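Chemist: Pasting upload.cif below, which is mmCIF, C-alpha atoms.
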data_protein
#
loop_
_atom_site.label_atom_id
_atom_site.label_comp_id
_atom_site.auth_asym_id
_atom_site.auth_seq_id
_atom_site.Cartn_x
_atom_site.Cartn_y
_atom_site.Cartn_z
CA MET E 18 5.13 14.12 5.61
CA ALA E 19 6.22 12.12 2.59
CA ASN E 20 4.48 9.34 0.68
CA GLU E 21 1.02 10.88 0.43
CA TYR E 22 -1.22 9.64 -2.35
CA GLY E 23 -3.43 11.73 -4.57
CA GLY E 24 -0.69 13.57 -6.43
CA GLY E 25 0.13 16.00 -3.63
CA LEU E 26 -1.09 19.26 -2.18
CA ALA E 27 -1.54 21.00 -5.54
CA ARG E 28 -4.03 18.38 -6.76
CA LEU E 29 -5.98 18.50 -3.52
CA LYS E 30 -6.23 22.29 -3.76
CA GLU E 31 -7.48 21.94 -7.32
CA ARG E 32 -10.08 19.39 -6.18
CA LEU E 33 -11.33 21.81 -3.51
CA ASP E 34 -11.24 24.88 -5.82
CA ILE E 35 -8.58 26.56 -3.70
CA GLU E 36 -6.24 28.93 -5.53
CA ALA E 37 -2.73 27.52 -5.94
CA GLY E 38 -1.22 30.67 -4.38
CA ASP E 39 -3.45 30.52 -1.30
CA ASP E 40 -1.28 28.90 1.36
CA SER E 41 -3.43 29.85 4.35
CA ARG E 42 -4.80 26.30 4.70
CA ASP E 43 -1.79 24.30 3.50
CA GLU E 44 -1.11 22.79 6.92
CA LEU E 45 -4.69 21.53 7.27
CA LEU E 46 -4.73 20.21 3.71
CA THR E 47 -1.39 18.44 4.10
CA SER E 48 -2.57 16.86 7.34
CA ALA E 49 -5.81 15.68 5.70
CA LEU E 50 -3.93 14.16 2.75
CA ALA E 51 -1.46 12.38 5.04
CA ALA E 52 -4.28 11.01 7.22
CA ALA E 53 -6.23 9.83 4.16
CA SER E 54 -3.15 8.11 2.74
CA ARG E 55 -2.23 6.30 5.95
CA GLY E 56 -5.89 5.36 6.47
CA ILE E 57 -5.92 3.69 3.06
CA ASP E 58 -2.74 1.79 3.99
CA ARG E 59 -4.29 0.55 7.24
CA THR E 60 -7.56 -0.45 5.60
CA CYS E 61 -5.84 -2.31 2.75
CA GLY E 62 -3.19 -3.94 4.96
CA ARG E 63 -0.45 -2.74 2.60
CA ARG E 64 1.23 0.43 1.40
CA PHE E 65 1.50 1.65 -2.16
CA TRP E 66 4.59 3.86 -2.06
CA LEU E 67 7.96 2.40 -3.00
CA ASP E 68 11.02 2.47 -0.74
CA PRO E 69 13.61 4.89 -2.12
CA GLU E 70 16.44 2.51 -1.13
CA PRO E 71 16.63 -1.27 -0.60
CA VAL E 72 15.48 -2.51 2.80
CA THR E 73 16.08 -5.96 4.34
CA ARG E 74 13.18 -8.00 5.72
CA THR E 75 13.39 -11.44 7.29
CA TYR E 76 10.71 -14.14 7.02
CA ARG E 77 10.20 -17.36 8.92
CA ILE E 78 9.36 -20.07 6.36
CA GLY E 79 6.76 -21.80 8.52
CA GLY E 80 3.27 -20.58 7.64
CA ARG E 81 4.47 -18.60 4.61
CA VAL E 82 5.03 -21.39 2.09
CA VAL E 83 2.39 -22.62 -0.34
CA CYS E 84 3.14 -25.94 -2.05
CA ASN E 85 1.96 -26.40 -5.63
CA ALA E 86 2.82 -28.49 -8.69
CA ASP E 87 5.68 -26.13 -9.65
CA GLY E 88 7.43 -26.12 -6.27
CA GLU E 89 7.20 -24.05 -3.09
CA LEU E 90 5.97 -20.45 -3.15
CA LEU E 91 7.20 -18.21 -0.30
CA LEU E 92 4.66 -15.44 0.36
CA ILE E 93 6.31 -12.06 0.95
CA ASP E 94 5.25 -8.45 1.38
CA ASP E 95 4.61 -6.33 -1.72
CA LEU E 96 7.86 -6.01 -3.68
CA GLY E 97 7.90 -3.18 -6.21
CA ASP E 98 11.33 -3.31 -7.83
CA ASP E 99 13.28 -6.46 -8.71
CA THR E 100 16.34 -4.72 -10.16
CA ILE E 101 17.93 -4.89 -6.71
CA LEU E 102 16.83 -8.18 -5.17
CA THR E 103 18.90 -10.32 -2.84
CA VAL E 104 17.47 -13.53 -1.34
CA GLU E 105 19.31 -15.50 1.36
CA THR E 106 18.51 -18.32 3.77
CA GLY E 107 20.02 -18.89 7.19
CA ALA E 108 19.96 -17.39 10.66
CA GLY E 109 22.05 -15.18 12.92
CA ALA E 110 25.33 -14.29 11.22
CA SER E 111 25.24 -17.20 8.76
CA TRP E 112 23.37 -16.50 5.50
CA SER E 113 23.69 -18.17 2.11
CA PRO E 114 22.50 -16.70 -1.21
CA VAL E 115 19.53 -18.37 -2.88
CA THR E 116 19.39 -18.90 -6.63
CA GLY E 117 16.92 -20.80 -8.76
CA TYR E 118 13.76 -18.95 -7.76
CA GLU E 119 11.16 -17.09 -9.81
CA THR E 120 9.06 -14.10 -8.85
CA SER E 121 5.29 -14.47 -8.64
CA PRO E 122 2.81 -13.64 -10.01
CA ASP E 123 4.16 -13.72 -13.54
CA ASN E 124 4.57 -10.29 -15.17
CA ALA E 125 3.46 -8.51 -11.98
CA LEU E 126 5.71 -5.47 -12.33
CA VAL E 127 4.96 -5.13 -16.05
CA ASP E 128 1.25 -5.06 -15.16
CA GLY E 129 1.82 -2.38 -12.50
CA ARG E 130 1.29 -4.81 -9.61
CA PRO E 131 3.76 -5.93 -6.94
CA ILE E 132 5.57 -9.23 -6.67
CA THR E 133 4.06 -11.12 -3.71
CA GLY E 134 5.89 -14.45 -3.81
CA LEU E 135 9.17 -16.20 -4.56
CA LEU E 136 8.82 -19.63 -6.19
CA ARG E 137 11.48 -22.35 -5.85
CA VAL E 138 10.80 -24.30 -9.04
CA ASN E 139 10.74 -28.06 -8.42
CA SER E 140 12.46 -27.38 -5.12
CA SER E 141 11.77 -26.33 -1.54
CA TRP E 142 12.73 -23.51 0.78
CA GLY E 143 14.12 -25.99 3.30
CA ILE E 144 12.98 -26.86 6.78
CA HIS E 145 10.14 -24.74 8.05
CA THR E 146 12.11 -23.45 11.03
CA ALA E 147 14.56 -21.71 8.69
CA ARG E 148 14.46 -18.06 7.74
CA VAL E 149 14.66 -16.21 4.46
CA ARG E 150 16.17 -12.74 4.23
CA VAL E 151 15.08 -10.54 1.32
CA THR E 152 16.65 -7.20 0.43
CA THR E 153 14.84 -5.05 -2.11
CA ARG E 154 12.65 -1.97 -2.55
CA TRP E 155 9.29 -2.76 -0.94
CA GLY E 156 5.93 -1.32 -1.98
CA TRP E 157 4.22 -0.96 -5.34
CA PRO E 158 5.98 -0.04 -8.61
CA ALA E 159 3.62 2.96 -8.86
CA VAL E 160 0.62 4.17 -6.88
CA PRO E 161 -2.55 2.90 -8.62
CA ASP E 162 -4.88 5.58 -10.03
CA ASP E 163 -7.71 4.19 -7.88
CA VAL E 164 -5.68 4.77 -4.71
CA ASP E 165 -4.77 8.32 -5.76
CA GLU E 166 -8.44 9.11 -6.41
CA ALA E 167 -9.55 7.54 -3.12
CA ALA E 168 -6.96 9.62 -1.25
CA LEU E 169 -8.21 12.84 -2.85
CA ILE E 170 -11.85 12.04 -2.02
CA GLN E 171 -11.02 11.07 1.57
CA ALA E 172 -8.69 14.04 2.11
CA SER E 173 -11.39 16.41 0.83
CA ARG E 174 -13.85 14.81 3.22
CA LEU E 175 -11.43 15.08 6.16
CA PHE E 176 -10.65 18.72 5.36
CA LYS E 177 -14.36 19.60 5.27
CA ARG E 178 -14.97 17.70 8.50
CA LYS E 179 -14.19 20.84 10.47
CA ASP E 180 -17.51 22.17 9.13
CA SER E 181 -19.49 19.10 10.23
CA PRO E 182 -19.21 18.75 14.01
CA GLU E 183 -20.47 15.43 15.35
CA GLY E 184 -20.62 14.08 11.77
CA VAL E 185 -23.66 16.17 10.85
CA MET E 186 -23.94 18.58 7.92
CA GLY E 187 -26.81 20.87 7.16
CA SER E 188 -28.11 22.82 4.19
CA ALA E 189 -31.18 24.96 3.52
CA GLU E 190 -32.31 22.62 0.75
CA TRP E 191 -31.75 19.20 2.37
CA GLY E 192 -31.83 19.97 6.07
CA VAL E 193 -29.62 18.07 8.50
CA VAL E 194 -27.77 15.05 7.07
CA ARG E 195 -25.64 12.59 9.07
CA LEU E 196 -22.41 11.60 7.34
CA SER E 197 -21.77 7.90 6.84
CA ARG E 198 -18.80 6.32 8.58
CA ARG E 199 -17.34 4.97 5.33
CA ASP E 200 -17.44 6.83 2.03
CA PRO E 201 -18.84 4.34 -0.52
CA ASP E 202 -16.79 5.77 -3.39
CA VAL E 203 -13.55 5.49 -1.44
CA TRP E 204 -14.40 1.92 -0.46
CA ASN E 205 -15.27 0.93 -4.05
CA LEU E 206 -11.93 2.31 -5.24
CA ILE E 207 -9.73 0.58 -2.65
CA GLU E 208 -11.63 -2.66 -2.03
CA PRO E 209 -9.83 -4.59 -4.83
CA TYR E 210 -6.50 -3.78 -3.12
CA VAL E 211 -7.43 -5.00 0.37
CA VAL E 212 -5.25 -7.90 1.53
CA PRO E 213 -7.51 -10.82 2.58
CA GLY E 214 -8.15 -10.56 6.30
CA PHE E 215 -8.08 -6.74 6.31
CA GLY E 216 -10.77 -4.15 5.68
#
Take the structure in the file and write it out as structure tokens.

Modeler:
Amino acid sequence: MANEYGGGLARLKERLDIEAGDDSRDELLTSALAAASRGIDRTCGRRFWLDPEPVTRTYRIGGRVVCNADGELLLIDDLGDDTILTVETGAGASWSPVTGYETSPDNALVDGRPITGLLRVNSSWGIHTARVRVTTRWGWPAVPDDVDEAALIQASRLFKRKDSPEGVMGSAEWGVVRLSRRDPDVWNLIEPYVVPGFG
């Protein structure tokens, strides 16, 4: 599967001290990394990989517009590349291009964060029953280091899970230990990226 975080199978093998040439567990490792990556997406309410090609999404204005002193801000999904960005309003087969908007927050892509809003400066997006169509590459400009690290930790944990039936691990030194439902290190790494209302 594509779009795994953590830098790929080679980095996960390195994390687990598995020789690069040992491919006997590659299927299990790949599955663990994919599950960890999609689990992070679900927990955060967003994804961090960038579409390879532009994709069109349509938004209903009602409930997505925030009014402020500068104009109306249309809240959109994470947008990771503004080099190809088309914004239109309309419905059905009738769409008109929109100009005179700014991306928000300021300098988002430069700071390695996604654009999450389109601001009509001193203007409005129109009646709230209208729709806005946006074509661009969705996602983040690059996967944050925190997300990569969280994916490696969680994938390692998932891979080792086969050795801890019923969520219990044992050792001669510590005895039987029950595994927590949520890894605190993974949570600390991804918590700042959770969309409000998720997690």

Chemist: Work out how far apart atom CA of Arg154 of chain E and atom CA of Ile207 of chain E are and give it in Å to one decimal.

Modeler: 22.5 Å

Chemist: Using the chain letters and numbering of this document, enumerate as an mmCIF file with C-alpha atoms, keeping the file's coordinate frame the residues selected by the PyMOL selection byres ((chain E and resi 95) around 7).

Modeler:
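Generated output (result04.cif):
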data_model
loop_
_atom_site.group_PDB
_atom_site.id
_atom_site.type_symbol
_atom_site.label_atom_id
_atom_site.label_comp_id
_atom_site.auth_asym_id
_atom_site.auth_seq_id
_atom_site.Cartn_x
_atom_site.Cartn_y
_atom_site.Cartn_z
ATOM 1 C CA ILE E 93 6.310 -12.060 0.950
ATOM 2 C CA ASP E 94 5.250 -8.450 1.380
ATOM 3 C CA LEU E 96 7.860 -6.010 -3.680
ATOM 4 C CA GLY E 97 7.900 -3.180 -6.210
ATOM 5 C CA PRO E 131 3.760 -5.930 -6.940
ATOM 6 C CA ILE E 132 5.570 -9.230 -6.670
ATOM 7 C CA THR E 133 4.060 -11.120 -3.710
ATOM 8 C CA TRP E 155 9.290 -2.760 -0.940
ATOM 9 C CA GLY E 156 5.930 -1.320 -1.980
ATOM 10 C CA TRP E 157 4.220 -0.960 -5.340
#

Chemist: Can you build me a table of segment 109-192 of chain E residues sitting at most 12 Å from segment 29-46 of chain E, with the closest atom pair per residue and its distance in Å to one decimal, using only C-alpha atoms, sorted by chain and residue number, as CSV?

Modeler:
residue,atom,partner,partner_atom,distance
E:Asp165,CA,E:Leu29,CA,10.5
E:Glu166,CA,E:Leu29,CA,10.1
E:Ala167,CA,E:Leu29,CA,11.5
E:Ala168,CA,E:Leu29,CA,9.2
E:Leu169,CA,E:Leu29,CA,6.1
E:Ile170,CA,E:Arg32,CA,8.6
E:Gln171,CA,E:Leu29,CA,10.3
E:Ala172,CA,E:Leu46,CA,7.5
E:Ser173,CA,E:Leu33,CA,6.9
E:Arg174,CA,E:Leu33,CA,10.0
E:Leu175,CA,E:Leu46,CA,8.8
E:Phe176,CA,E:Leu46,CA,6.3
E:Lys177,CA,E:Leu33,CA,9.5
E:Arg178,CA,E:Leu45,CA,11.0
E:Lys179,CA,E:Leu45,CA,10.0

Chemist: Go through E:Glu119, E:Ala52, E:Gly25, E:Cys61 one by one, measure the shortest atom-to-atom distance of each to Glu208 of chain E using all atoms listed in the file, and give the residue with the smallest value.

Modeler: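 Smallest distance to Glu208 of chain E is found for E:Cys61.
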
Chemist: If we count only C-alpha atoms, what is near Thr120 of chain E at a cut-off of 10 Å, once residues fewer than 2 positions away on the same chain are taken out, given as a PDB file with C-alpha atoms, keeping the file's coordinate frame?

Modeler:
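Saved file out.pdb follows:
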ATOM      1  CA  LEU E  90       5.970 -20.450  -3.150  1.00  0.00           C
ATOM      2  CA  LEU E  91       7.200 -18.210  -0.300  1.00  0.00           C
ATOM      3  CA  LEU E  96       7.860  -6.010  -3.680  1.00  0.00           C
ATOM      4  CA  ASP E  99      13.280  -6.460  -8.710  1.00  0.00           C
ATOM      5  CA  TYR E 118      13.760 -18.950  -7.760  1.00  0.00           C
ATOM      6  CA  PRO E 122       2.810 -13.640 -10.010  1.00  0.00           C
ATOM      7  CA  ASP E 123       4.160 -13.720 -13.540  1.00  0.00           C
ATOM      8  CA  ASN E 124       4.570 -10.290 -15.170  1.00  0.00           C
ATOM      9  CA  ALA E 125       3.460  -8.510 -11.980  1.00  0.00           C
ATOM     10  CA  LEU E 126       5.710  -5.470 -12.330  1.00  0.00           C
ATOM     11  CA  PRO E 131       3.760  -5.930  -6.940  1.00  0.00           C
ATOM     12  CA  ILE E 132       5.570  -9.230  -6.670  1.00  0.00           C
ATOM     13  CA  THR E 133       4.060 -11.120  -3.710  1.00  0.00           C
ATOM     14  CA  GLY E 134       5.890 -14.450  -3.810  1.00  0.00           C
ATOM     15  CA  LEU E 135       9.170 -16.200  -4.560  1.00  0.00           C
ATOM     16  CA  LEU E 136       8.820 -19.630  -6.190  1.00  0.00           C
ATOM     17  CA  ARG E 137      11.480 -22.350  -5.850  1.00  0.00           C
TER      18      ARG E 137
END

Chemist: Please indicate the distance in Å from atom CA of Arg63 of chain E to atom CA of Val212 of chain E, rounded to one decimal place.

Modeler: 7.1 Å

Chemist: Written as a CSV table (one decimal) with C-alpha atoms, in the coordinates of the input, what is the full residue list that the PyMOL selection byres ((chain E and resi 74-83) around 8) yields on the file shown?

Modeler:
chain,number,residue,atom,x,y,z
E,72,VAL,CA,15.5,-2.5,2.8
E,73,THR,CA,16.1,-6.0,4.3
E,84,CYS,CA,3.1,-25.9,-2.0
E,85,ASN,CA,2.0,-26.4,-5.6
E,89,GLU,CA,7.2,-24.0,-3.1
E,90,LEU,CA,6.0,-20.4,-3.2
E,91,LEU,CA,7.2,-18.2,-0.3
E,92,LEU,CA,4.7,-15.4,0.4
E,93,ILE,CA,6.3,-12.1,1.0
E,142,TRP,CA,12.7,-23.5,0.8
E,144,ILE,CA,13.0,-26.9,6.8
E,145,HIS,CA,10.1,-24.7,8.0
E,146,THR,CA,12.1,-23.4,11.0
E,147,ALA,CA,14.6,-21.7,8.7
E,148,ARG,CA,14.5,-18.1,7.7
E,149,VAL,CA,14.7,-16.2,4.5
E,150,ARG,CA,16.2,-12.7,4.2
E,151,VAL,CA,15.1,-10.5,1.3
E,152,THR,CA,16.6,-7.2,0.4

Chemist: Would you mind reading off the distance between atom CA of Tyr22 of chain E and atom CA of Ser54 of chain E, one decimal, in Å?

Modeler: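 Between atom CA of Tyr22 of chain E and atom CA of Ser54 of chain E the gap is 5.7 Å.
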
Chemist: From the set E:Val138, E:Thr103, E:Gly24, E:Gly129, which residue has the shortest atom-to-atom contact distance to Gly117 of chain E, counting all atoms listed in the file?

Modeler: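 Under the stated criterion, the closest residue is E:Val138.
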
Chemist: Would you list the contacts of Thr153 of chain E as an MDAnalysis selection string, taking every protein, DNA or RNA residue within 6 Å and counting only C-alpha atoms, but skipping same-chain residues closer than 5 positions in sequence?

Modeler: chainID E and resid 71:72 101:102

Chemist: Reconstruct N, CA and C atoms of segment 19-36 of chain E from the incomplete input and present them as a PDB file, keeping the file's coordinate frame.

Modeler:
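The resulting file, out.pdb, is shown below:
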ATOM      1  N   ALA E  19       6.041  12.642   3.944  1.00  0.00           N
ATOM      2  CA  ALA E  19       6.220  12.120   2.590  1.00  0.00           C
ATOM      3  C   ALA E  19       5.267  10.953   2.336  1.00  0.00           C
ATOM      4  N   ASN E  20       5.217  10.537   1.100  1.00  0.00           N
ATOM      5  CA  ASN E  20       4.480   9.340   0.680  1.00  0.00           C
ATOM      6  C   ASN E  20       2.962   9.488   0.727  1.00  0.00           C
ATOM      7  N   GLU E  21       2.458  10.710   0.547  1.00  0.00           N
ATOM      8  CA  GLU E  21       1.020  10.880   0.430  1.00  0.00           C
ATOM      9  C   GLU E  21       0.582  10.487  -0.965  1.00  0.00           C
ATOM     10  N   TYR E  22      -0.641   9.988  -1.065  1.00  0.00           N
ATOM     11  CA  TYR E  22      -1.220   9.640  -2.350  1.00  0.00           C
ATOM     12  C   TYR E  22      -2.022  10.832  -2.866  1.00  0.00           C
ATOM     13  N   GLY E  23      -2.573  10.693  -4.038  1.00  0.00           N
ATOM     14  CA  GLY E  23      -3.430  11.730  -4.570  1.00  0.00           C
ATOM     15  C   GLY E  23      -2.723  12.762  -5.436  1.00  0.00           C
ATOM     16  N   GLY E  24      -1.414  12.635  -5.578  1.00  0.00           N
ATOM     17  CA  GLY E  24      -0.690  13.570  -6.430  1.00  0.00           C
ATOM     18  C   GLY E  24      -0.198  14.819  -5.717  1.00  0.00           C
ATOM     19  N   GLY E  25      -0.417  14.898  -4.412  1.00  0.00           N
ATOM     20  CA  GLY E  25       0.130  16.000  -3.630  1.00  0.00           C
ATOM     21  C   GLY E  25      -0.837  17.132  -3.350  1.00  0.00           C
ATOM     22  N   LEU E  26      -0.307  18.125  -2.655  1.00  0.00           N
ATOM     23  CA  LEU E  26      -1.090  19.260  -2.180  1.00  0.00           C
ATOM     24  C   LEU E  26      -1.739  20.028  -3.323  1.00  0.00           C
ATOM     25  N   ALA E  27      -1.012  20.211  -4.415  1.00  0.00           N
ATOM     26  CA  ALA E  27      -1.540  21.000  -5.540  1.00  0.00           C
ATOM     27  C   ALA E  27      -2.816  20.371  -6.101  1.00  0.00           C
ATOM     28  N   ARG E  28      -2.833  19.053  -6.238  1.00  0.00           N
ATOM     29  CA  ARG E  28      -4.030  18.380  -6.760  1.00  0.00           C
ATOM     30  C   ARG E  28      -5.190  18.453  -5.792  1.00  0.00           C
ATOM     31  N   LEU E  29      -4.902  18.377  -4.499  1.00  0.00           N
ATOM     32  CA  LEU E  29      -5.980  18.500  -3.520  1.00  0.00           C
ATOM     33  C   LEU E  29      -6.569  19.900  -3.544  1.00  0.00           C
ATOM     34  N   LYS E  30      -5.735  20.918  -3.662  1.00  0.00           N
ATOM     35  CA  LYS E  30      -6.230  22.290  -3.760  1.00  0.00           C
ATOM     36  C   LYS E  30      -7.121  22.451  -5.001  1.00  0.00           C
ATOM     37  N   GLU E  31      -6.687  21.883  -6.091  1.00  0.00           N
ATOM     38  CA  GLU E  31      -7.480  21.940  -7.320  1.00  0.00           C
ATOM     39  C   GLU E  31      -8.837  21.266  -7.118  1.00  0.00           C
ATOM     40  N   ARG E  32      -8.847  20.128  -6.453  1.00  0.00           N
ATOM     41  CA  ARG E  32     -10.080  19.390  -6.180  1.00  0.00           C
ATOM     42  C   ARG E  32     -11.057  20.232  -5.351  1.00  0.00           C
ATOM     43  N   LEU E  33     -10.503  21.016  -4.419  1.00  0.00           N
ATOM     44  CA  LEU E  33     -11.330  21.810  -3.510  1.00  0.00           C
ATOM     45  C   LEU E  33     -11.553  23.246  -4.009  1.00  0.00           C
ATOM     46  N   ASP E  34     -11.120  23.524  -5.236  1.00  0.00           N
ATOM     47  CA  ASP E  34     -11.240  24.880  -5.820  1.00  0.00           C
ATOM     48  C   ASP E  34     -10.571  25.942  -4.955  1.00  0.00           C
ATOM     49  N   ILE E  35      -9.391  25.613  -4.449  1.00  0.00           N
ATOM     50  CA  ILE E  35      -8.580  26.560  -3.700  1.00  0.00           C
ATOM     51  C   ILE E  35      -7.469  27.054  -4.615  1.00  0.00           C
ATOM     52  N   GLU E  36      -7.283  28.349  -4.678  1.00  0.00           N
ATOM     53  CA  GLU E  36      -6.240  28.930  -5.530  1.00  0.00           C
ATOM     54  C   GLU E  36      -4.872  28.370  -5.159  1.00  0.00           C
TER      55      GLU E  36
END
